[in-house]
file structure.txt (compact mmCIF, C-alpha atoms)
# COMPACT_ATOMS: atom_id res chain seq x y z
CA MET A 1 -80.25 -59.22 31.27
CA VAL A 2 -82.04 -57.46 28.43
CA ARG A 3 -83.17 -59.27 25.32
CA ILE A 4 -82.09 -57.48 22.14
CA ASP A 5 -83.74 -58.51 18.92
CA GLY A 6 -81.31 -58.98 16.07
CA GLY A 7 -81.07 -56.70 13.11
CA THR A 8 -78.90 -55.05 10.49
CA PHE A 9 -77.10 -51.78 11.19
CA ARG A 10 -74.30 -49.60 9.85
CA MET A 11 -71.20 -50.56 11.81
CA GLY A 12 -68.18 -48.29 12.11
CA SER A 13 -67.48 -44.67 11.22
CA ASP A 14 -65.56 -42.83 8.49
CA GLU A 15 -65.38 -39.59 10.49
CA PHE A 16 -62.98 -40.20 13.34
CA TYR A 17 -60.25 -42.86 13.70
CA PRO A 18 -58.93 -45.12 10.90
CA ASP A 19 -59.58 -48.38 12.74
CA GLU A 20 -63.34 -47.63 12.74
CA GLN A 21 -63.41 -47.92 8.95
CA PRO A 22 -65.02 -48.88 6.69
CA VAL A 23 -68.66 -48.24 7.49
CA HIS A 24 -70.52 -51.36 6.42
CA GLU A 25 -73.75 -53.21 7.03
CA ARG A 26 -73.57 -55.83 9.75
CA THR A 27 -76.29 -58.21 10.87
CA VAL A 28 -76.47 -59.66 14.38
CA ALA A 29 -78.79 -62.35 15.67
CA GLY A 30 -80.91 -61.77 18.75
CA PHE A 31 -79.00 -62.01 22.04
CA LEU A 32 -79.13 -61.14 25.74
CA LEU A 33 -76.91 -58.53 27.36
CA ASP A 34 -76.39 -57.47 30.96
CA ARG A 35 -78.34 -54.31 31.76
CA TYR A 36 -75.35 -53.04 33.77
CA ALA A 37 -71.61 -53.63 33.76
CA VAL A 38 -70.41 -56.29 36.20
CA THR A 39 -69.92 -54.53 39.53
CA ASN A 40 -67.44 -54.99 42.36
CA ALA A 41 -70.21 -56.70 44.33
CA ASP A 42 -70.89 -59.11 41.46
CA PHE A 43 -67.22 -59.95 41.04
CA ALA A 44 -66.77 -60.42 44.78
CA ARG A 45 -69.51 -63.08 44.75
CA PHE A 46 -67.69 -64.86 41.93
CA VAL A 47 -64.36 -64.80 43.77
CA ASP A 48 -65.95 -65.94 47.03
CA ALA A 49 -67.60 -68.86 45.24
CA THR A 50 -64.57 -69.98 43.23
CA ASP A 51 -61.43 -68.67 45.01
CA TYR A 52 -60.46 -67.21 41.64
CA VAL A 53 -57.18 -65.26 41.46
CA THR A 54 -57.02 -62.53 38.82
CA VAL A 55 -54.17 -62.05 36.38
CA ALA A 56 -53.03 -58.89 38.19
CA GLU A 57 -52.55 -60.91 41.40
CA ARG A 58 -50.45 -63.70 39.88
CA PRO A 59 -46.66 -63.96 39.48
CA MET A 60 -45.52 -62.65 36.10
CA GLU A 61 -43.95 -64.94 33.49
CA PRO A 62 -40.56 -63.54 32.37
CA ALA A 63 -40.93 -65.03 28.86
CA ASP A 64 -43.96 -62.82 28.28
CA TYR A 65 -42.00 -59.65 29.06
CA PRO A 66 -38.65 -59.80 27.26
CA GLY A 67 -36.19 -57.14 28.34
CA VAL A 68 -37.91 -56.38 31.64
CA ALA A 69 -35.67 -56.71 34.71
CA PRO A 70 -36.70 -59.66 36.93
CA GLU A 71 -37.05 -57.41 39.98
CA ASP A 72 -39.67 -55.40 38.10
CA LEU A 73 -41.82 -58.46 37.34
CA VAL A 74 -44.13 -58.16 40.32
CA PRO A 75 -47.93 -58.50 40.29
CA GLY A 76 -49.72 -55.26 39.62
CA ALA A 77 -51.67 -53.28 37.06
CA MET A 78 -51.89 -49.97 35.21
CA VAL A 79 -53.24 -46.99 37.17
CA PHE A 80 -54.38 -43.66 35.78
CA THR A 81 -52.66 -40.71 37.45
CA PRO A 82 -53.71 -37.15 36.55
CA SER A 83 -50.85 -34.84 35.60
CA ASP A 84 -50.18 -31.55 37.36
CA GLY A 85 -50.80 -29.56 34.19
CA PRO A 86 -50.67 -29.71 30.38
CA VAL A 87 -48.50 -32.50 28.95
CA ASP A 88 -47.64 -33.94 25.55
CA LEU A 89 -50.79 -35.90 24.65
CA ARG A 90 -48.77 -38.11 22.32
CA ASP A 91 -47.10 -39.75 25.33
CA TRP A 92 -49.53 -41.86 27.39
CA ARG A 93 -46.81 -42.44 29.97
CA GLN A 94 -47.53 -38.94 31.24
CA TRP A 95 -50.71 -40.21 32.92
CA TRP A 96 -50.38 -43.99 33.23
CA ARG A 97 -48.15 -45.81 35.70
CA TRP A 98 -47.51 -49.45 36.55
CA GLU A 99 -48.51 -49.91 40.18
CA PRO A 100 -47.32 -53.02 42.08
CA GLY A 101 -50.17 -54.42 44.14
CA ALA A 102 -52.93 -52.82 42.08
CA GLN A 103 -55.76 -55.30 41.45
CA TRP A 104 -59.55 -55.39 41.51
CA ARG A 105 -59.80 -55.05 45.32
CA HIS A 106 -57.22 -52.24 45.32
CA PRO A 107 -57.71 -50.49 41.96
CA GLU A 108 -55.27 -47.62 42.50
CA GLY A 109 -52.74 -49.59 44.57
CA ARG A 110 -52.38 -51.30 47.92
CA GLU A 111 -53.70 -48.36 49.92
CA SER A 112 -56.92 -48.06 47.90
CA GLY A 113 -60.09 -50.09 48.33
CA ILE A 114 -63.59 -50.72 47.01
CA GLU A 115 -65.59 -50.82 50.25
CA HIS A 116 -67.53 -47.72 49.20
CA ARG A 117 -67.58 -48.64 45.50
CA MET A 118 -69.40 -51.96 45.48
CA ASP A 119 -71.94 -50.59 42.97
CA HIS A 120 -69.19 -49.34 40.63
CA PRO A 121 -68.04 -51.46 37.68
CA VAL A 122 -65.23 -53.81 38.58
CA VAL A 123 -61.92 -52.73 37.04
CA GLN A 124 -58.38 -54.12 36.96
CA VAL A 125 -59.71 -57.24 35.24
CA ALA A 126 -57.84 -58.77 32.31
CA PHE A 127 -59.52 -60.62 29.44
CA GLU A 128 -59.02 -63.99 31.15
CA ASP A 129 -60.68 -62.70 34.31
CA ALA A 130 -63.72 -61.39 32.45
CA SER A 131 -64.01 -64.66 30.50
CA ALA A 132 -63.79 -66.71 33.71
CA TYR A 133 -66.57 -64.71 35.34
CA ALA A 134 -68.75 -65.06 32.25
CA ALA A 135 -68.27 -68.84 32.19
CA TRP A 136 -69.10 -69.09 35.90
CA ALA A 137 -72.28 -67.10 35.28
CA GLY A 138 -73.26 -69.35 32.35
CA ARG A 139 -72.74 -66.51 29.90
CA ARG A 140 -70.07 -65.18 27.54
CA LEU A 141 -68.48 -61.92 26.51
CA PRO A 142 -70.23 -60.01 23.71
CA THR A 143 -68.76 -59.75 20.24
CA GLU A 144 -67.68 -56.35 18.97
CA ALA A 145 -70.69 -56.18 16.65
CA GLU A 146 -73.11 -57.08 19.44
CA HIS A 147 -71.66 -54.42 21.71
CA GLU A 148 -71.86 -51.71 19.04
CA PHE A 149 -75.38 -52.72 18.03
CA ALA A 150 -76.50 -52.62 21.67
CA ALA A 151 -74.69 -49.35 22.41
CA ARG A 152 -76.49 -47.61 19.56
CA GLY A 153 -79.78 -48.33 21.30
CA GLY A 154 -81.69 -48.27 18.02
CA VAL A 155 -80.17 -44.91 16.91
CA ASP A 156 -78.53 -46.21 13.72
CA GLY A 157 -75.79 -44.15 12.10
CA ALA A 158 -75.52 -41.37 14.71
CA ARG A 159 -72.10 -40.26 15.95
CA PHE A 160 -73.02 -40.77 19.59
CA ALA A 161 -75.47 -43.13 21.24
CA TRP A 162 -77.90 -40.23 21.74
CA GLY A 163 -77.39 -38.28 18.50
CA ASP A 164 -74.71 -36.27 16.70
CA GLU A 165 -73.58 -33.93 19.49
CA PRO A 166 -71.32 -35.01 22.38
CA TYR A 167 -73.14 -32.89 24.99
CA PRO A 168 -76.70 -32.13 23.86
CA ASP A 169 -78.14 -29.15 25.73
CA GLY A 170 -74.81 -28.87 27.51
CA GLU A 171 -75.41 -32.06 29.49
CA ALA A 172 -73.16 -35.14 29.68
CA ARG A 173 -75.02 -38.34 28.80
CA ALA A 174 -72.22 -40.63 29.96
CA ASN A 175 -69.33 -40.64 32.42
CA SER A 176 -66.61 -39.10 30.24
CA TRP A 177 -63.88 -36.51 30.82
CA ILE A 178 -65.18 -32.95 31.14
CA GLY A 179 -62.36 -30.38 31.06
CA ARG A 180 -58.74 -30.42 29.93
CA PHE A 181 -57.18 -33.87 29.78
CA PRO A 182 -55.32 -35.25 31.76
CA TYR A 183 -55.18 -32.71 34.58
CA ASP A 184 -58.51 -30.86 34.86
CA ASN A 185 -61.70 -32.88 35.23
CA ARG A 186 -64.88 -31.01 36.06
CA GLY A 187 -67.26 -33.88 35.51
CA ARG A 188 -69.89 -35.09 37.90
CA PHE A 189 -67.70 -37.90 39.30
CA GLY A 190 -64.23 -36.62 38.51
CA ALA A 191 -61.45 -38.82 37.18
CA THR A 192 -62.89 -42.15 38.28
CA THR A 193 -65.73 -44.56 37.73
CA ALA A 194 -69.34 -43.83 38.61
CA PRO A 195 -71.90 -46.20 40.16
CA VAL A 196 -73.56 -48.21 37.41
CA GLY A 197 -76.79 -46.67 36.18
CA SER A 198 -75.78 -43.11 37.07
CA TYR A 199 -76.68 -41.86 33.58
CA PRO A 200 -79.84 -42.45 31.52
CA ALA A 201 -80.42 -45.81 29.83
CA ASN A 202 -80.32 -46.01 26.06
CA GLY A 203 -83.19 -47.04 23.82
CA TYR A 204 -82.77 -50.70 24.73
CA GLY A 205 -82.81 -50.07 28.47
CA LEU A 206 -79.06 -50.63 28.83
CA TYR A 207 -76.80 -48.51 31.03
CA ASP A 208 -73.23 -47.28 30.59
CA LEU A 209 -72.43 -48.97 27.31
CA ILE A 210 -70.87 -45.61 26.55
CA GLY A 211 -68.43 -44.07 29.04
CA ASN A 212 -67.60 -45.11 32.61
CA THR A 213 -65.35 -48.04 31.59
CA TRP A 214 -64.16 -49.57 28.37
CA GLU A 215 -65.56 -53.11 28.08
CA TRP A 216 -63.91 -56.32 26.87
CA THR A 217 -65.31 -58.08 23.81
CA SER A 218 -64.45 -61.53 22.52
CA ASP A 219 -63.04 -60.30 19.18
CA TYR A 220 -59.36 -60.05 18.31
CA TYR A 221 -58.27 -56.58 17.30
CA ALA A 222 -57.27 -55.67 13.74
CA PRO A 223 -56.80 -52.14 12.37
CA ARG A 224 -59.75 -52.32 9.99
CA HIS A 225 -63.18 -53.91 10.03
CA THR A 226 -63.90 -57.17 8.26
CA VAL A 227 -66.64 -56.58 5.70
CA PRO A 228 -69.01 -59.56 5.36
CA GLY A 229 -69.15 -60.91 1.84
CA GLN A 230 -65.60 -59.95 0.88
CA SER A 231 -63.88 -62.09 -1.75
CA ALA A 232 -61.85 -65.17 -0.84
CA VAL A 233 -58.63 -63.33 -1.77
CA ASP A 234 -59.51 -60.44 0.50
CA ALA A 235 -60.49 -62.87 3.24
CA GLY A 236 -57.08 -64.54 3.03
CA ALA A 237 -55.34 -61.20 3.26
CA ARG A 238 -57.53 -60.37 6.22
CA VAL A 239 -56.40 -63.49 8.09
CA ASN A 240 -52.77 -62.45 7.59
CA LEU A 241 -53.58 -58.93 8.72
CA LEU A 242 -55.30 -60.20 11.86
CA ALA A 243 -52.38 -62.48 12.71
CA SER A 244 -49.92 -59.61 12.46
CA ALA A 245 -52.09 -57.02 14.22
CA SER A 246 -53.55 -58.96 17.13
CA ALA A 247 -50.37 -58.59 19.20
CA GLU A 248 -47.98 -55.70 19.81
CA PRO A 249 -44.67 -55.91 17.90
CA GLY A 250 -42.25 -58.00 19.93
CA SER A 251 -45.02 -59.49 22.08
CA ARG A 252 -46.85 -62.78 21.87
CA ILE A 253 -49.80 -61.53 23.95
CA PRO A 254 -52.91 -61.20 21.75
CA ARG A 255 -55.06 -58.08 21.80
CA ARG A 256 -58.86 -57.84 21.95
CA VAL A 257 -61.27 -55.11 20.99
CA LEU A 258 -62.49 -52.83 23.75
CA LYS A 259 -65.73 -50.92 23.19
CA GLY A 260 -67.63 -48.02 24.70
CA GLY A 261 -65.00 -45.58 25.90
CA SER A 262 -64.47 -44.62 29.53
CA TYR A 263 -64.34 -41.79 32.05
CA LEU A 264 -60.98 -40.84 30.47
CA CYS A 265 -62.43 -40.13 27.01
CA SER A 266 -62.20 -36.43 26.22
CA PRO A 267 -62.99 -34.43 23.07
CA ASP A 268 -59.50 -32.88 23.22
CA TYR A 269 -57.71 -36.24 23.41
CA CYS A 270 -59.76 -39.43 22.99
CA LEU A 271 -63.09 -38.85 21.31
CA ARG A 272 -64.08 -42.46 21.78
CA PHE A 273 -67.20 -42.32 23.93
CA ARG A 274 -69.12 -43.37 20.81
CA PRO A 275 -70.64 -46.70 19.70
CA ALA A 276 -68.33 -47.01 16.66
CA ALA A 277 -65.15 -46.36 18.64
CA ARG A 278 -62.81 -49.22 19.44
CA SER A 279 -59.45 -49.74 21.10
CA PRO A 280 -56.92 -52.60 21.24
CA GLN A 281 -55.92 -54.06 24.59
CA ALA A 282 -53.48 -56.86 25.42
CA ASP A 283 -55.27 -59.83 26.97
CA ASP A 284 -53.06 -59.81 30.07
CA THR A 285 -53.30 -56.11 30.91
CA ALA A 286 -55.67 -54.75 33.55
CA THR A 287 -56.28 -51.05 34.13
CA THR A 288 -58.40 -48.66 36.17
CA HIS A 289 -60.66 -47.87 33.20
CA ILE A 290 -61.52 -51.32 31.79
CA GLY A 291 -64.46 -53.45 32.93
CA PHE A 292 -66.95 -55.76 31.21
CA ARG A 293 -70.48 -57.09 30.97
CA CYS A 294 -71.81 -60.44 29.82
CA ALA A 295 -73.89 -61.60 26.89
CA ALA A 296 -75.80 -64.81 26.23
CA ASP A 297 -77.49 -66.51 23.31
CA VAL A 298 -81.25 -66.35 23.10

call {"tool": "encode", "arguments": {"input": "structure.txt", "output": "structure tokens"}}
result
Amino acid sequence: MVRIDGGTFRMGSDEFYPDEQPVHERTVAGFLLDRYAVTNADFARFVDATDYVTVAERPMEPADYPGVAPEDLVPGAMVFTPSDGPVDLRDWRQWWRWEPGAQWRHPEGRESGIEHRMDHPVVQVAFEDASAYAAWAGRRLPTEAEHEFAARGGVDGARFAWGDEPYPDGEARANSWIGRFPYDNRGRFGATTAPVGSYPANGYGLYDLIGNTWEWTSDYYAPRHTVPGQSAVDAGARVNLLASASAEPGSRIPRRVLKGGSYLCSPDYCLRFRPAARSPQADDTATTHIGFRCAADV
């Protein structure tokens, strides 16, 4: 782990997506953060030691999925599937599919494996899985503010972790989508994860906080930032907003904040390989582009 001294920084962005607003000062205390995302090898040690079964491997509870036919409620996870050509980018179903049997050992489905990807970040882990690993390791998941502070690497206020341009000098500084999304990827690793540490560390000596995989945080998602020091009336309204926004309409599954972007982030679709970027994700949903790392108190 890397020790990160606390400090005050400008959190959020007013330039890109509404849920990154407003930009405000946020102070974080000193903390420790994993230098790398948790890898398949790391997670395998955890499972071997505890016999843990991930959410994607368990039977599905019908009450959590109203309207879904019982025969469709089989263990599995979401798998990215490139399209054959240009598609309507407003419809994510054009490149995501539910794959029975997909789980951390078989990220793309039963016929896939991780034998040659032990140094890649573990994926197909839900929030509960990441939290269980962190507890076993004597750690915790980072907060959204901690993750953003760490991802900035001391470069306060810049659009990207390395400055204001996505590809300085024409070079990718993180594992993101290069080409036309979701069918043409010309990046170094293609449309998949890269081994951890494949790109340069940031100013704090941390790897892959931007790109490669989105990472779970401990914070519930709401469509705007909480500004410290807001009035009691605003705070009360914020609680109501959080309660209504933390789950999808019609669902009782809460959503958490993901940070960092992934190998699927593309300037022509999802310009979220930035420290300020954030995304909501249901606690029970695992995908091929979500992983995690652990934090700890100093």

call {"tool": "closest_residue", "arguments": {"input": "structure.txt", "among": "A:Ala191, A:Met60, A:Ala222, A:Val38", "to": "Asp208 (chain A)", "atoms": "all atoms listed in the file"}}
result
A:Val38

call {"tool": "residues_around", "arguments": {"input": "structure.txt", "residues": "region 281-284 of chain A", "least_positions_apart": "5", "cutoff": "9 Å", "atoms": "all atoms listed in the file", "output": "VMD selection string"}}
result
chain A and resid 55 to 56 125 to 128 216 221 246 to 248 253 to 258

call {"tool": "write_last_selection", "arguments": {"input": "structure.txt", "atoms": "C-alpha atoms", "output": "short mmCIF file (atom, residue, chain, number, x, y, z; two decimals), in the frame of the given file"}}
result
data_model
loop_
_atom_site.label_atom_id
_atom_site.label_comp_id
_atom_site.auth_asym_id
_atom_site.auth_seq_id
_atom_site.Cartn_x
_atom_site.Cartn_y
_atom_site.Cartn_z
CA VAL A 55 -54.17 -62.05 36.38
CA ALA A 56 -53.03 -58.89 38.19
CA VAL A 125 -59.71 -57.24 35.24
CA ALA A 126 -57.84 -58.77 32.31
CA PHE A 127 -59.52 -60.62 29.44
CA GLU A 128 -59.02 -63.99 31.15
CA TRP A 216 -63.91 -56.32 26.87
CA TYR A 221 -58.27 -56.58 17.30
CA SER A 246 -53.55 -58.96 17.13
CA ALA A 247 -50.37 -58.59 19.20
CA GLU A 248 -47.98 -55.70 19.81
CA ILE A 253 -49.80 -61.53 23.95
CA PRO A 254 -52.91 -61.20 21.75
CA ARG A 255 -55.06 -58.08 21.80
CA ARG A 256 -58.86 -57.84 21.95
CA VAL A 257 -61.27 -55.11 20.99
CA LEU A 258 -62.49 -52.83 23.75
#

call {"tool": "atom_distance", "arguments": {"input": "structure.txt", "atom1": "CA of Ala151 (chain A)", "atom2": "CA of Pro107 (chain A)"}}
result
25.9 Å

call {"tool": "atom_distance", "arguments": {"input": "structure.txt", "atom1": "CA of Gly153 (chain A)", "atom2": "CA of Ala201 (chain A)"}}
result
8.9 Å

call {"tool": "closest_residue", "arguments": {"input": "structure.txt", "among": "A:Asn212, A:Ser13, A:Gln21, A:Ser266", "to": "Gly291 (chain A)", "atoms": "all atoms listed in the file"}}
result
A:Asn212

call {"tool": "atom_distance", "arguments": {"input": "structure.txt", "atom1": "CA of Tyr167 (chain A)", "atom2": "CA of Trp96 (chain A)"}}
result
26.6 Å

call {"tool": "build_atoms", "arguments": {"input": "structure.txt", "residues": "region 253-272 of chain A", "atoms": "N, CA, C and O atoms", "output": "CSV table (one decimal), in the frame of the given file"}}
result
chain,number,residue,atom,x,y,z
A,253,ILE,N,-48.5,-61.7,23.3
A,253,ILE,CA,-49.8,-61.5,24.0
A,253,ILE,C,-50.8,-61.0,23.0
A,253,ILE,O,-50.6,-59.9,22.4
A,254,PRO,N,-51.9,-61.7,22.7
A,254,PRO,CA,-52.9,-61.2,21.8
A,254,PRO,C,-53.7,-60.0,22.3
A,254,PRO,O,-53.7,-59.8,23.5
A,255,ARG,N,-54.3,-59.2,21.4
A,255,ARG,CA,-55.1,-58.1,21.8
A,255,ARG,C,-56.5,-58.3,21.4
A,255,ARG,O,-56.8,-58.9,20.4
A,256,ARG,N,-57.4,-57.8,22.2
A,256,ARG,CA,-58.9,-57.8,22.0
A,256,ARG,C,-59.4,-56.4,21.7
A,256,ARG,O,-58.7,-55.4,22.0
A,257,VAL,N,-60.6,-56.4,21.2
A,257,VAL,CA,-61.3,-55.1,21.0
A,257,VAL,C,-62.0,-54.7,22.3
A,257,VAL,O,-62.8,-55.5,22.8
A,258,LEU,N,-61.7,-53.5,22.7
A,258,LEU,CA,-62.5,-52.8,23.8
A,258,LEU,C,-63.5,-51.9,23.1
A,258,LEU,O,-63.3,-51.3,22.1
A,259,LYS,N,-64.7,-51.8,23.7
A,259,LYS,CA,-65.7,-50.9,23.2
A,259,LYS,C,-66.3,-50.0,24.3
A,259,LYS,O,-66.3,-50.3,25.5
A,260,GLY,N,-66.8,-48.9,23.8
A,260,GLY,CA,-67.6,-48.0,24.7
A,260,GLY,C,-67.0,-46.8,25.3
A,260,GLY,O,-67.7,-45.9,25.7
A,261,GLY,N,-65.6,-46.7,25.3
A,261,GLY,CA,-65.0,-45.6,25.9
A,261,GLY,C,-65.1,-45.6,27.4
A,261,GLY,O,-65.6,-46.6,28.0
A,262,SER,N,-64.5,-44.6,28.1
A,262,SER,CA,-64.5,-44.6,29.5
A,262,SER,C,-64.5,-43.2,30.1
A,262,SER,O,-64.6,-42.2,29.3
A,263,TYR,N,-64.4,-43.1,31.4
A,263,TYR,CA,-64.3,-41.8,32.0
A,263,TYR,C,-63.1,-41.0,31.6
A,263,TYR,O,-63.0,-39.8,32.0
A,264,LEU,N,-62.2,-41.6,30.9
A,264,LEU,CA,-61.0,-40.8,30.5
A,264,LEU,C,-61.1,-40.3,29.1
A,264,LEU,O,-60.2,-39.6,28.6
A,265,CYS,N,-62.2,-40.6,28.4
A,265,CYS,CA,-62.4,-40.1,27.0
A,265,CYS,C,-62.8,-38.7,27.0
A,265,CYS,O,-63.8,-38.2,27.7
A,266,SER,N,-62.0,-37.9,26.3
A,266,SER,CA,-62.2,-36.4,26.2
A,266,SER,C,-62.2,-35.9,24.8
A,266,SER,O,-61.4,-36.4,24.0
A,267,PRO,N,-63.0,-35.0,24.4
A,267,PRO,CA,-63.0,-34.4,23.1
A,267,PRO,C,-61.6,-33.9,22.7
A,267,PRO,O,-61.3,-33.9,21.5
A,268,ASP,N,-60.8,-33.4,23.6
A,268,ASP,CA,-59.5,-32.9,23.2
A,268,ASP,C,-58.4,-33.9,23.2
A,268,ASP,O,-57.2,-33.6,22.9
A,269,TYR,N,-58.7,-35.2,23.5
A,269,TYR,CA,-57.7,-36.2,23.4
A,269,TYR,C,-58.2,-37.5,22.8
A,269,TYR,O,-57.7,-38.0,21.8
A,270,CYS,N,-59.3,-38.1,23.4
A,270,CYS,CA,-59.8,-39.4,23.0
A,270,CYS,C,-61.3,-39.3,22.8
A,270,CYS,O,-62.0,-39.6,23.7
A,271,LEU,N,-61.7,-39.0,21.6
A,271,LEU,CA,-63.1,-38.8,21.3
A,271,LEU,C,-63.7,-40.2,21.0
A,271,LEU,O,-64.2,-40.5,19.9
A,272,ARG,N,-63.7,-41.1,22.0
A,272,ARG,CA,-64.1,-42.5,21.8
A,272,ARG,C,-65.3,-42.9,22.6
A,272,ARG,O,-65.5,-44.1,22.8
